[in-house]
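Structure data (TSV, C-alpha atoms) from entry.tsv:
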chain	number	residue	atom	x	y	z
A	884	MET	CA	-15.11	39.09	-67.80
A	885	LYS	CA	-17.92	40.82	-69.64
A	886	GLY	CA	-17.24	43.31	-72.39
A	887	ILE	CA	-18.43	46.31	-70.40
A	888	SER	CA	-16.05	45.36	-67.56
A	889	LYS	CA	-13.21	45.13	-70.07
A	890	LEU	CA	-14.05	48.65	-71.20
A	891	TYR	CA	-14.18	50.15	-67.71
A	892	THR	CA	-10.91	48.52	-66.66
A	893	GLY	CA	-9.17	49.37	-69.94
A	894	ASP	CA	-8.31	45.70	-70.39
A	895	PHE	CA	-8.10	45.77	-74.17
A	896	ASN	CA	-5.89	46.97	-77.01
A	897	SER	CA	-8.43	47.74	-79.71
A	898	MET	CA	-11.89	49.23	-79.48
A	899	HIS	CA	-14.34	49.56	-82.33
A	900	VAL	CA	-17.58	51.47	-81.92
A	901	GLU	CA	-20.43	51.27	-84.40
A	902	THR	CA	-23.24	53.69	-83.78
A	903	LEU	CA	-26.53	52.10	-84.80
A	904	PRO	CA	-29.67	53.82	-86.13
A	905	ASP	CA	-31.47	53.43	-82.78
A	906	GLY	CA	-28.68	55.39	-81.04
A	907	SER	CA	-27.20	52.38	-79.32
A	908	GLN	CA	-23.58	51.42	-79.90
A	909	ARG	CA	-22.13	48.06	-80.79
A	910	ILE	CA	-18.68	47.91	-79.19
A	911	THR	CA	-16.04	45.36	-80.04
A	912	LEU	CA	-12.96	44.95	-77.85
A	913	THR	CA	-9.91	42.82	-78.52
A	914	LYS	CA	-6.72	42.24	-76.60
A	915	ASP	CA	-3.32	41.09	-77.83
A	916	GLY	CA	-2.71	37.43	-77.14
A	917	GLU	CA	-6.34	36.64	-76.37
A	918	ASN	CA	-8.18	34.64	-78.99
A	919	LYS	CA	-11.45	36.26	-78.04
A	920	ILE	CA	-13.61	39.12	-79.21
A	921	TYR	CA	-15.75	40.90	-76.64
A	922	ARG	CA	-18.78	42.34	-78.39
A	923	PHE	CA	-21.65	44.08	-76.70
A	924	ARG	CA	-24.38	46.55	-77.52
A	925	VAL	CA	-24.94	49.37	-75.11
A	926	LYS	CA	-27.36	52.25	-74.82
A	927	ASN	CA	-26.38	55.56	-73.21
A	928	LEU	CA	-22.77	54.57	-72.60
A	929	TYR	CA	-21.23	56.34	-69.58
A	930	GLN	CA	-24.62	57.84	-68.67
A	931	GLU	CA	-26.51	57.11	-65.45
A	932	ASP	CA	-29.08	55.09	-67.34
A	933	GLU	CA	-26.48	53.04	-69.24
A	934	GLU	CA	-27.90	49.71	-70.33
A	935	VAL	CA	-26.14	46.74	-71.87
A	936	LEU	CA	-28.54	45.22	-74.39
A	937	GLU	CA	-26.41	42.39	-75.77
A	938	ASP	CA	-23.19	40.79	-74.62
A	939	GLU	CA	-21.18	38.01	-76.22
A	940	VAL	CA	-17.68	36.58	-76.20
A	941	ILE	CA	-16.58	35.17	-79.55
A	942	LYS	CA	-13.71	32.73	-79.70
A	943	ILE	CA	-11.39	33.33	-82.64
A	944	GLU	CA	-10.07	30.20	-84.25
A	945	GLN	CA	-8.07	29.81	-87.38
A	946	PRO	CA	-10.14	27.87	-89.92
A	947	LYS	CA	-9.13	24.22	-90.18
A	948	HIS	CA	-8.34	24.45	-93.89
A	949	ILE	CA	-5.91	27.34	-93.27
A	950	LYS	CA	-4.25	25.41	-90.45
A	951	LYS	CA	-3.85	22.46	-92.78
A	952	ARG	CA	-2.36	24.60	-95.57
A	953	MET	CA	0.10	26.24	-93.18
A	954	LYS	CA	1.19	22.88	-91.89
A	955	GLU	CA	1.74	21.69	-95.46
A	956	ALA	CA	3.65	24.86	-96.35
A	957	ILE	CA	6.01	24.41	-93.40
A	958	LYS	CA	6.52	20.79	-94.37
A	959	ASP	CA	7.30	21.85	-97.97
A	960	ALA	CA	9.75	24.50	-96.83
A	961	THR	CA	11.66	22.16	-94.56
A	962	THR	CA	11.90	19.25	-97.01
A	963	LYS	CA	13.32	21.25	-99.96
B	1313	MET	CA	38.30	73.21	-51.01
B	1314	ALA	CA	41.28	73.22	-48.62
B	1315	ASP	CA	44.75	72.50	-49.98
B	1316	TYR	CA	45.82	68.94	-49.19
B	1317	ALA	CA	48.84	66.93	-50.20
B	1318	ASP	CA	48.59	64.86	-53.39
B	1319	TRP	CA	47.38	61.35	-52.79
B	1320	THR	CA	47.53	58.25	-54.92
B	1321	GLU	CA	46.17	54.87	-53.87
B	1322	SER	CA	46.55	52.21	-56.52
B	1323	ILE	CA	44.75	48.91	-56.47
B	1324	GLU	CA	46.36	46.58	-58.91
B	1325	LEU	CA	45.24	42.99	-59.22
B	1326	LEU	CA	47.04	40.60	-61.51
B	1327	GLY	CA	46.05	36.96	-61.99
B	1328	SER	CA	44.59	34.44	-64.34
B	1329	GLU	CA	41.25	34.38	-62.51
B	1330	ILE	CA	40.27	37.31	-60.37
B	1331	MET	CA	37.04	37.84	-58.47
B	1332	VAL	CA	36.24	40.92	-56.46
B	1333	PRO	CA	32.78	40.33	-55.03
B	1334	PHE	CA	31.10	43.31	-53.47
B	1335	ASP	CA	28.16	42.10	-51.44
B	1336	VAL	CA	26.35	44.53	-49.19
B	1337	GLN	CA	23.21	43.59	-47.32
B	1338	GLY	CA	21.40	45.69	-44.79
B	1339	ALA	CA	18.18	47.46	-43.94
B	1340	TYR	CA	19.60	50.81	-45.01
B	1341	ILE	CA	22.52	50.99	-47.39
B	1342	GLN	CA	24.16	54.09	-48.72
B	1343	VAL	CA	27.15	54.09	-51.04
B	1344	PRO	CA	27.80	57.74	-51.73
B	1345	MET	CA	30.50	58.70	-54.16
B	1346	ASP	CA	31.28	62.38	-54.14
B	1347	LEU	CA	33.98	63.50	-56.54
B	1348	GLN	CA	35.00	67.12	-56.71
B	1349	GLY	CA	37.95	68.43	-58.63
B	1350	ALA	CA	39.15	70.54	-61.50
B	1351	LEU	CA	39.52	67.49	-63.72
B	1352	ILE	CA	37.57	64.32	-63.13
B	1353	GLN	CA	37.91	61.27	-65.31
B	1354	MET	CA	36.18	57.97	-64.67
B	1355	PRO	CA	36.99	55.72	-67.60
B	1356	VAL	CA	35.41	52.30	-67.49
B	1357	ASP	CA	37.16	50.02	-69.92
B	1358	ILE	CA	35.71	46.54	-70.21
B	1359	GLN	CA	37.18	44.14	-72.69
B	1360	GLY	CA	36.60	40.44	-72.83
B	1361	GLN	CA	35.26	37.56	-74.83
B	1362	TYR	CA	31.97	37.35	-72.97
B	1363	ILE	CA	30.71	40.49	-71.31
B	1364	THR	CA	27.59	40.96	-69.26
B	1365	LEU	CA	26.92	44.24	-67.55
B	1366	ASP	CA	23.56	44.00	-65.81
B	1367	ILE	CA	22.02	46.93	-64.05
B	1368	ASN	CA	18.90	45.77	-62.26
B	1369	ILE	CA	16.95	48.32	-60.29
B	1370	GLU	CA	13.84	46.98	-58.68
B	1371	SER	CA	11.61	48.52	-56.09
B	1372	VAL	CA	8.57	46.53	-55.12
B	1373	ALA	CA	7.12	49.08	-52.73
B	1374	ALA	CA	7.69	52.37	-54.53
B	1375	ASP	CA	8.61	53.97	-57.81
B	1376	VAL	CA	12.14	54.03	-59.13
B	1377	THR	CA	13.70	57.25	-60.32
B	1378	LEU	CA	16.93	57.25	-62.25
B	1379	ASN	CA	18.03	60.77	-63.00
B	1380	VAL	CA	20.88	61.54	-65.32
B	1381	ASN	CA	21.61	65.23	-65.09
B	1382	ILE	CA	24.34	66.69	-67.23
B	1383	THR	CA	25.20	70.35	-66.94
B	1384	ALA	CA	27.93	71.78	-69.11
B	1385	SER	CA	28.55	74.42	-71.72
B	1386	ALA	CA	28.77	71.66	-74.34
B	1387	VAL	CA	27.53	68.09	-74.08
B	1388	THR	CA	28.28	65.28	-76.47
B	1389	ILE	CA	26.58	61.92	-76.05
B	1390	ASN	CA	27.90	59.18	-78.27
B	1391	MET	CA	26.15	55.85	-78.45
B	1392	ASP	CA	27.97	53.45	-80.67
B	1393	ILE	CA	26.19	50.13	-80.80
B	1394	VAL	CA	27.66	47.54	-83.08
B	1395	ALA	CA	25.73	44.30	-83.12
B	1396	GLN	CA	23.95	42.05	-85.54
B	1397	SER	CA	20.59	42.78	-83.99
B	1398	VAL	CA	19.76	45.96	-82.12
B	1399	GLY	CA	16.28	47.31	-81.37
B	1400	VAL	CA	15.82	50.88	-80.18
B	1401	TYR	CA	12.14	51.76	-79.84
B	1402	LEU	CA	10.21	54.95	-79.51
B	1403	GLN	CA	7.55	54.80	-76.82
B	1404	PRO	CA	4.57	54.09	-79.15
B	1405	GLU	CA	6.45	51.22	-80.75
B	1406	TRP	CA	7.61	49.91	-77.41
B	1407	ALA	CA	4.07	50.13	-75.99
B	1408	ALA	CA	2.75	48.09	-78.91
B	1409	LYS	CA	5.50	45.53	-78.36
B	1410	GLN	CA	4.56	45.34	-74.69
B	1411	GLY	CA	0.83	45.06	-75.41
B	1412	GLN	CA	0.06	48.50	-73.96
B	1413	ASP	CA	-1.16	50.12	-77.17
B	1414	LYS	CA	-4.67	51.48	-77.45
B	1415	ASN	CA	-6.38	51.66	-80.84
B	1416	PHE	CA	-9.80	53.20	-81.24
B	1417	ALA	CA	-12.12	53.11	-84.24
B	1418	GLY	CA	-15.68	54.17	-84.89
B	1419	TYR	CA	-18.18	53.86	-87.71
B	1420	THR	CA	-21.56	55.36	-88.45
B	1421	GLU	CA	-23.55	54.62	-91.57
B	1422	ASN	CA	-25.76	57.03	-93.52
B	1423	THR	CA	-25.06	60.11	-91.41
B	1424	VAL	CA	-26.74	63.42	-92.12
B	1425	ARG	CA	-24.85	66.74	-92.40
B	1426	PHE	CA	-23.22	67.55	-89.03
B	1427	GLY	CA	-23.83	64.01	-87.87
B	1428	THR	CA	-20.84	62.19	-86.44
B	1429	ALA	CA	-19.06	58.92	-86.00
B	1430	SER	CA	-17.66	59.01	-82.50
B	1431	VAL	CA	-15.74	57.06	-79.90
B	1432	GLU	CA	-15.76	57.91	-76.21
B	1433	TYR	CA	-13.46	56.40	-73.62
B	1434	THR	CA	-12.89	57.20	-69.97
B	1435	VAL	CA	-9.37	56.47	-68.75
B	1436	PRO	CA	-9.54	53.85	-65.98
B	1437	SER	CA	-8.28	54.39	-62.46
B	1438	GLY	CA	-4.53	54.07	-62.14
B	1439	LYS	CA	-3.88	54.46	-65.88
B	1440	THR	CA	-2.63	57.27	-68.09
B	1441	LEU	CA	-3.53	57.42	-71.76
B	1442	TYR	CA	-1.34	58.99	-74.42
B	1443	MET	CA	-2.79	59.67	-77.90
B	1444	TYR	CA	-0.50	60.39	-80.82
B	1445	ALA	CA	-2.46	59.98	-84.08
B	1446	ILE	CA	-5.93	60.36	-85.53
B	1447	THR	CA	-7.54	59.68	-88.90
B	1448	GLY	CA	-11.05	59.95	-90.30
B	1449	ALA	CA	-12.82	59.19	-93.55
B	1450	SER	CA	-16.09	60.06	-95.24
B	1451	ASN	CA	-17.80	58.58	-98.27
B	1452	ALA	CA	-21.22	59.16	-99.80
B	1453	TYR	CA	-23.92	56.80	-98.65
B	1454	VAL	CA	-25.83	57.02	-101.91
B	1455	ASP	CA	-24.02	55.94	-105.09
B	1456	SER	CA	-25.18	58.99	-107.06
B	1457	ASN	CA	-23.29	61.26	-104.61
B	1458	SER	CA	-20.02	59.38	-104.93
B	1459	GLU	CA	-18.38	61.96	-107.23
B	1460	LEU	CA	-19.25	64.92	-104.99
B	1461	ASN	CA	-17.02	66.44	-102.33
B	1462	GLN	CA	-17.14	64.32	-99.16
B	1463	MET	CA	-16.23	67.00	-96.65
B	1464	CYS	CA	-15.58	65.99	-93.07
B	1465	MET	CA	-13.94	67.29	-89.92
B	1466	VAL	CA	-11.89	65.06	-87.62
B	1467	GLN	CA	-11.34	66.08	-84.02
B	1468	ILE	CA	-9.83	64.80	-80.78
B	1469	GLN	CA	-11.24	66.10	-77.50
B	1470	VAL	CA	-10.08	65.75	-73.92
B	1471	ASN	CA	-12.86	66.33	-71.38
B	1472	ALA	CA	-15.01	67.86	-74.14
B	1473	THR	CA	-12.26	70.35	-75.02
B	1474	PRO	CA	-11.06	70.16	-78.64
B	1475	MET	CA	-7.32	69.51	-78.76
B	1476	ALA	CA	-6.83	69.20	-82.52
B	1477	SER	CA	-9.12	69.46	-85.53
B	1478	ILE	CA	-8.49	68.79	-89.16
B	1479	GLY	CA	-10.76	68.97	-92.18
B	1480	GLY	CA	-10.64	67.25	-95.51
B	1481	ASN	CA	-12.40	66.02	-98.58
B	1482	GLY	CA	-12.95	62.32	-98.20
B	1483	GLY	CA	-10.85	62.13	-95.09
B	1484	ALA	CA	-8.13	63.63	-92.97
B	1485	GLY	CA	-5.45	62.53	-90.58
B	1486	MET	CA	-2.55	63.74	-88.52
B	1487	ASN	CA	0.21	62.67	-86.18
B	1488	PHE	CA	0.53	64.93	-83.17
B	1489	SER	CA	3.89	66.60	-82.57
B	1490	LYS	CA	3.51	65.52	-78.94
B	1491	PRO	CA	1.10	62.98	-77.47
B	1492	TYR	CA	-2.01	64.21	-75.69
B	1493	LYS	CA	-1.92	62.96	-72.12
B	1494	LEU	CA	-5.12	61.90	-70.37
B	1495	ALA	CA	-5.04	61.11	-66.66
B	1496	ALA	CA	-7.33	58.62	-64.98
B	1497	GLY	CA	-10.94	59.76	-65.13
B	1498	GLN	CA	-10.43	62.05	-68.11
B	1499	VAL	CA	-12.60	61.45	-71.14
B	1500	LEU	CA	-11.27	60.92	-74.64
B	1501	THR	CA	-13.70	61.78	-77.43
B	1502	LEU	CA	-12.95	61.19	-81.09
B	1503	ILE	CA	-15.29	62.45	-83.77
B	1504	CYS	CA	-15.56	62.53	-87.51
B	1505	GLU	CA	-18.27	64.99	-88.51
B	1506	ASN	CA	-20.07	65.05	-91.84
B	1507	MET	CA	-19.62	68.53	-93.39
B	1508	SER	CA	-21.13	67.59	-96.76
B	1509	ASN	CA	-24.64	68.46	-97.89
B	1510	HIS	CA	-25.55	64.81	-98.35
B	1511	THR	CA	-25.54	61.73	-96.17
B	1512	CYS	CA	-22.24	59.92	-95.67
B	1513	ASP	CA	-20.69	56.90	-94.01
B	1514	LEU	CA	-18.14	58.10	-91.50
B	1515	ARG	CA	-15.11	56.43	-89.97
B	1516	ILE	CA	-12.82	57.58	-87.20
B	1517	ALA	CA	-9.66	55.95	-85.86
B	1518	ALA	CA	-6.97	56.97	-83.42
B	1519	ASN	CA	-3.87	55.47	-81.86
B	1520	GLY	CA	-2.27	55.77	-78.48
B	1521	TYR	CA	-0.92	53.81	-75.56
B	1522	GLU	CA	-1.94	53.40	-71.94
B	1523	LEU	CA	0.53	52.98	-69.08
Mind turning this structure into structure tokens?
Amino acid sequence: MKGISKLYTGDFNSMHVETLPDGSQRITLTKDGENKIYRFRVKNLYQEDEEVLEDEVIKIEQPKHIKKRMKEAIKDATTK
Amino acid sequence: MADYADWTESIELLGSEIMVPFDVQGAYIQVPMDLQGALIQMPVDIQGQYITLDINIESVAADVTLNVNITASAVTINMDIVAQSVGVYLQPEWAAKQGQDKNFAGYTENTVRFGTASVEYTVPSGKTLYMYAITGASNAYVDSNSELNQMCMVQIQVNATPMASIGGNGGAGMNFSKPYKLAAGQVLTLICENMSNHTCDLRIAANGYEL
């Protein structure tokens, strides 16, 4: 699902809107339990001439080095 | 009520294992219980090692309404819960737990006087939005203005009608004494407006839940 569809269906928990110097808005939507960020740039949101200029879905992944450290920490905690 | 003779019907079951299944199946079922009297007492005393009292009400086709109406000159409701782990949630907390919370935030950099950071959201079909808190912040865009007053005004609007406004130096925030309710199709607008005489970075944030 594209970001703009997420917005219109309310299928998100957090919405961040950054208004840019050209008047367009960069909107970021996230939903609990989904490891994705829906980010899109839109001009004239909710107007008749609304136009989505950019649209991307970013997968959120925990960095490998953090994963490794957490695994080690759990191992430490269980062996002591 | 007419005067009738006193009547007592006791049901006493004694045994090591007792089961009294009550299974009713039908297209239309009514189990009315109408008690009228000068003194009515309905004690339910359940004691045991393992106790499960499930009340499951499920309607696939329509809403469920469970009304508890108490009318009296004095009402006392005691809830005594003794357990190692008990969670009683207010609706905003429960909504967050259920993944129904809605958090909005907005940011605008280098905004002139009376410029705004804003968020606009139209409540989708079939949903109702409740908003219960708002915050905003303002800081000078240019370093040399950092020690000046950073006046701003934070406002929540429903269908372009201001519901609550609050001003502050550097920021402002408030929890509403009751949530603002927005039905499907209604527009939520959140703004933080620069009231300083220099350019500022503005931030707005608000919290609610959507059911």
Quiz item: Counting all atoms listed in the file, what is within 12 Å of Lys889 of chain A, bar same-chain residues fewer than 5 positions away, as a PyMOL selection string?
Solution: (chain A and resi 884+894-898+910-914+920-923+938+940) or (chain B and resi 1433+1436)
Got time to write the residues from that selection, C-alpha atoms, as a PDB file, keeping the file's coordinate frame?
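The file below, out.pdb, is the result:
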ATOM      1  CA  MET A 884     -15.110  39.090 -67.800  1.00  0.00           C
ATOM      2  CA  ASP A 894      -8.310  45.700 -70.390  1.00  0.00           C
ATOM      3  CA  PHE A 895      -8.100  45.770 -74.170  1.00  0.00           C
ATOM      4  CA  ASN A 896      -5.890  46.970 -77.010  1.00  0.00           C
ATOM      5  CA  SER A 897      -8.430  47.740 -79.710  1.00  0.00           C
ATOM      6  CA  MET A 898     -11.890  49.230 -79.480  1.00  0.00           C
ATOM      7  CA  ILE A 910     -18.680  47.910 -79.190  1.00  0.00           C
ATOM      8  CA  THR A 911     -16.040  45.360 -80.040  1.00  0.00           C
ATOM      9  CA  LEU A 912     -12.960  44.950 -77.850  1.00  0.00           C
ATOM     10  CA  THR A 913      -9.910  42.820 -78.520  1.00  0.00           C
ATOM     11  CA  LYS A 914      -6.720  42.240 -76.600  1.00  0.00           C
ATOM     12  CA  ILE A 920     -13.610  39.120 -79.210  1.00  0.00           C
ATOM     13  CA  TYR A 921     -15.750  40.900 -76.640  1.00  0.00           C
ATOM     14  CA  ARG A 922     -18.780  42.340 -78.390  1.00  0.00           C
ATOM     15  CA  PHE A 923     -21.650  44.080 -76.700  1.00  0.00           C
ATOM     16  CA  ASP A 938     -23.190  40.790 -74.620  1.00  0.00           C
ATOM     17  CA  VAL A 940     -17.680  36.580 -76.200  1.00  0.00           C
TER      18      VAL A 940
ATOM     19  CA  TYR B1433     -13.460  56.400 -73.620  1.00  0.00           C
ATOM     20  CA  PRO B1436      -9.540  53.850 -65.980  1.00  0.00           C
TER      21      PRO B1436
END
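If you look at atom CA of Ala1408 of chain B and atom CA of Tyr1444 of chain B, they are 12.9 Å away from each other.
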Exercise. Enumerate as a ChimeraX atom specification the residues belonging to chain A that approach chain B to within 7 Å, with all atoms listed in the file taken into account.
Key: /A:891-893,896-903,915
Quiz item: Interatomic distance between atom CA of Thr1501 of chain B and atom CA of Lys942 of chain A?
Solution: 29.1 Å
Quiz item: Distance atom CA of Lys1493 of chain B-atom CA of Asp1375 of chain B, one decimal place?
Solution: 19.9 Å
With a distance cut-off of 10 Å and only C-alpha atoms, select the neighbouring residues of Gly906 of chain A, excluding the residue or stretch itself and same-chain residues fewer than 6 positions from it, and output the selection as a PDB file with C-alpha atoms, in the coordinates of the input.
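Full text of out21.pdb as output:
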ATOM      1  CA  VAL A 925     -24.940  49.370 -75.110  1.00  0.00           C
ATOM      2  CA  LYS A 926     -27.360  52.250 -74.820  1.00  0.00           C
ATOM      3  CA  ASN A 927     -26.380  55.560 -73.210  1.00  0.00           C
TER       4      ASN A 927
END
Quiz prompt | For Asn918 of chain A, the nearest of the candidates A:Asp905, A:Glu934, A:Glu944, A:Glu939, counting only C-alpha atoms | solution = A:Glu944
Quiz item: How would you write as a VMD selection string the residues that get within 9 Å of (-1.9, 62.8, -78.2) in the file's frame, counting all atoms listed in the file?
Solution: chain B and resid 1441 to 1446 1468 1475 1487 to 1494 1519 to 1520
